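J.: First the structure, then my questions, so here it is.
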Amino acid sequence: MVTKATIGRLSARIDAIVAARQPPGGRLVTFMAFYDKDDESGDIAIERHCAEHPEDRDAALYIILIRFTEADCQANDERLAQEGARSPGSAPRRL
């Protein structure tokens, strides 16, 4: 028969194993987000991600990989072609 004391010891062991497997300095979460011109900061993308994955809310660091659509790239190419005066190899002012 399983007693409350046995369950408590097993729970403590599981907690110790989980704590030992956590990397030092907290968890790191990496995810991909689509480029959104209205998304001025990554905070909105992080909130959107955490709404879908609540287990990631306690992460110490988030890395967001921005994914551009073909339409975004084409609009950027057209804007760069219109600028024309920009020296080759220099970074655009805005995307």
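Just remember, in the structure tokens the first chain shown is A, the second B, etc., residues are 1-based per chain, and ligands are 1-based in the order shown.
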As an MDAnalysis selection string, please: the residues near A:Arg48 (cut-off 12 Å, only C-alpha atoms, same-chain neighbours under 3 positions excluded).

T.: chainID A and resid 31:34 39 42:45 51:54 56:57 64

J.: Include N, CA, C and O atoms and write out the residues we just selected as a CSV table (one decimal), in the first residue's frame.

T.:
```
chain,number,residue,atom,x,y,z
A,31,PHE,N,11.9,30.4,-30.7
A,31,PHE,CA,10.8,30.1,-31.5
A,31,PHE,C,10.8,31.0,-32.8
A,31,PHE,O,11.5,32.0,-32.8
A,32,MET,N,10.0,30.7,-33.7
A,32,MET,CA,9.9,31.5,-35.0
A,32,MET,C,8.6,32.3,-35.0
A,32,MET,O,7.6,31.8,-34.7
A,33,ALA,N,8.7,33.5,-35.4
A,33,ALA,CA,7.5,34.4,-35.6
A,33,ALA,C,7.5,35.0,-36.9
A,33,ALA,O,8.6,35.3,-37.5
A,34,PHE,N,6.3,35.2,-37.5
A,34,PHE,CA,6.2,35.9,-38.8
A,34,PHE,C,6.4,37.3,-38.6
A,34,PHE,O,6.0,37.9,-37.6
A,39,ASP,N,4.0,44.8,-35.1
A,39,ASP,CA,4.6,44.2,-34.0
A,39,ASP,C,5.9,45.0,-33.7
A,39,ASP,O,7.0,44.6,-34.0
A,42,GLY,N,9.3,42.7,-29.6
A,42,GLY,CA,9.2,41.3,-29.5
A,42,GLY,C,8.2,40.8,-28.4
A,42,GLY,O,7.9,39.7,-28.3
A,43,ASP,N,7.8,41.8,-27.5
A,43,ASP,CA,7.0,41.4,-26.4
A,43,ASP,C,5.7,40.8,-26.9
A,43,ASP,O,5.1,39.9,-26.3
A,44,ILE,N,5.1,41.4,-27.9
A,44,ILE,CA,3.8,40.9,-28.5
A,44,ILE,C,4.0,39.4,-29.0
A,44,ILE,O,3.2,38.6,-28.8
A,45,ALA,N,5.1,39.2,-29.7
A,45,ALA,CA,5.4,37.8,-30.2
A,45,ALA,C,5.6,36.9,-29.1
A,45,ALA,O,5.2,35.7,-29.1
A,51,ALA,N,1.0,32.2,-25.0
A,51,ALA,CA,-0.4,31.8,-24.9
A,51,ALA,C,-0.6,30.4,-25.5
A,51,ALA,O,-1.4,29.7,-25.0
A,52,GLU,N,0.2,30.1,-26.5
A,52,GLU,CA,0.1,28.7,-27.1
A,52,GLU,C,0.9,27.7,-26.3
A,52,GLU,O,0.6,26.5,-26.4
A,53,HIS,N,2.0,28.1,-25.7
A,53,HIS,CA,2.9,27.2,-24.9
A,53,HIS,C,3.1,27.8,-23.5
A,53,HIS,O,4.2,28.4,-23.2
A,54,PRO,N,2.2,27.6,-22.6
A,54,PRO,CA,2.3,28.2,-21.3
A,54,PRO,C,3.5,27.7,-20.5
A,54,PRO,O,3.9,28.4,-19.6
A,56,ASP,N,6.4,27.7,-21.4
A,56,ASP,CA,7.6,28.6,-21.7
A,56,ASP,C,7.5,29.9,-21.0
A,56,ASP,O,8.4,30.7,-21.1
A,57,ARG,N,6.5,30.2,-20.2
A,57,ARG,CA,6.4,31.5,-19.5
A,57,ARG,C,7.5,31.8,-18.6
A,57,ARG,O,7.9,33.0,-18.3
A,64,ILE,N,13.9,35.1,-30.7
A,64,ILE,CA,12.9,35.1,-31.7
A,64,ILE,C,13.5,35.1,-33.1
A,64,ILE,O,14.3,36.0,-33.4
```

J.: Ranking A:Thr30, A:Thr3, A:Ser11, A:Gln74 by minimum distance to A:Tyr62 and counting only C-alpha atoms, which one comes first?

T.: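 Smallest distance to A:Tyr62 is found for A:Thr30.
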
J.: Give me the residues near A:Gly26 as a list in words, where near means some atom within 10 Å (using only C-alpha atoms) and where sequence neighbours in that chain fewer than 6 positions away do not count.

T.: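 What passes the distance filter is Asp58, Ala59, Ala60 and Leu61 of chain A.
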
J.: With DSSP run on the backbone, what are the strand (DSSP E or B) residues within stretch 31-89 of chain A? I'd like them as a ChimeraX atom specification.

T.: /A:31-34,61-67

J.: Go ahead and compute the interatomic distance for atom CA of A:Arg67 and atom CA of A:Cys50, in Å to one decimal.

T.: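 Atom CA of A:Arg67 sits 18.0 Å away from atom CA of A:Cys50.
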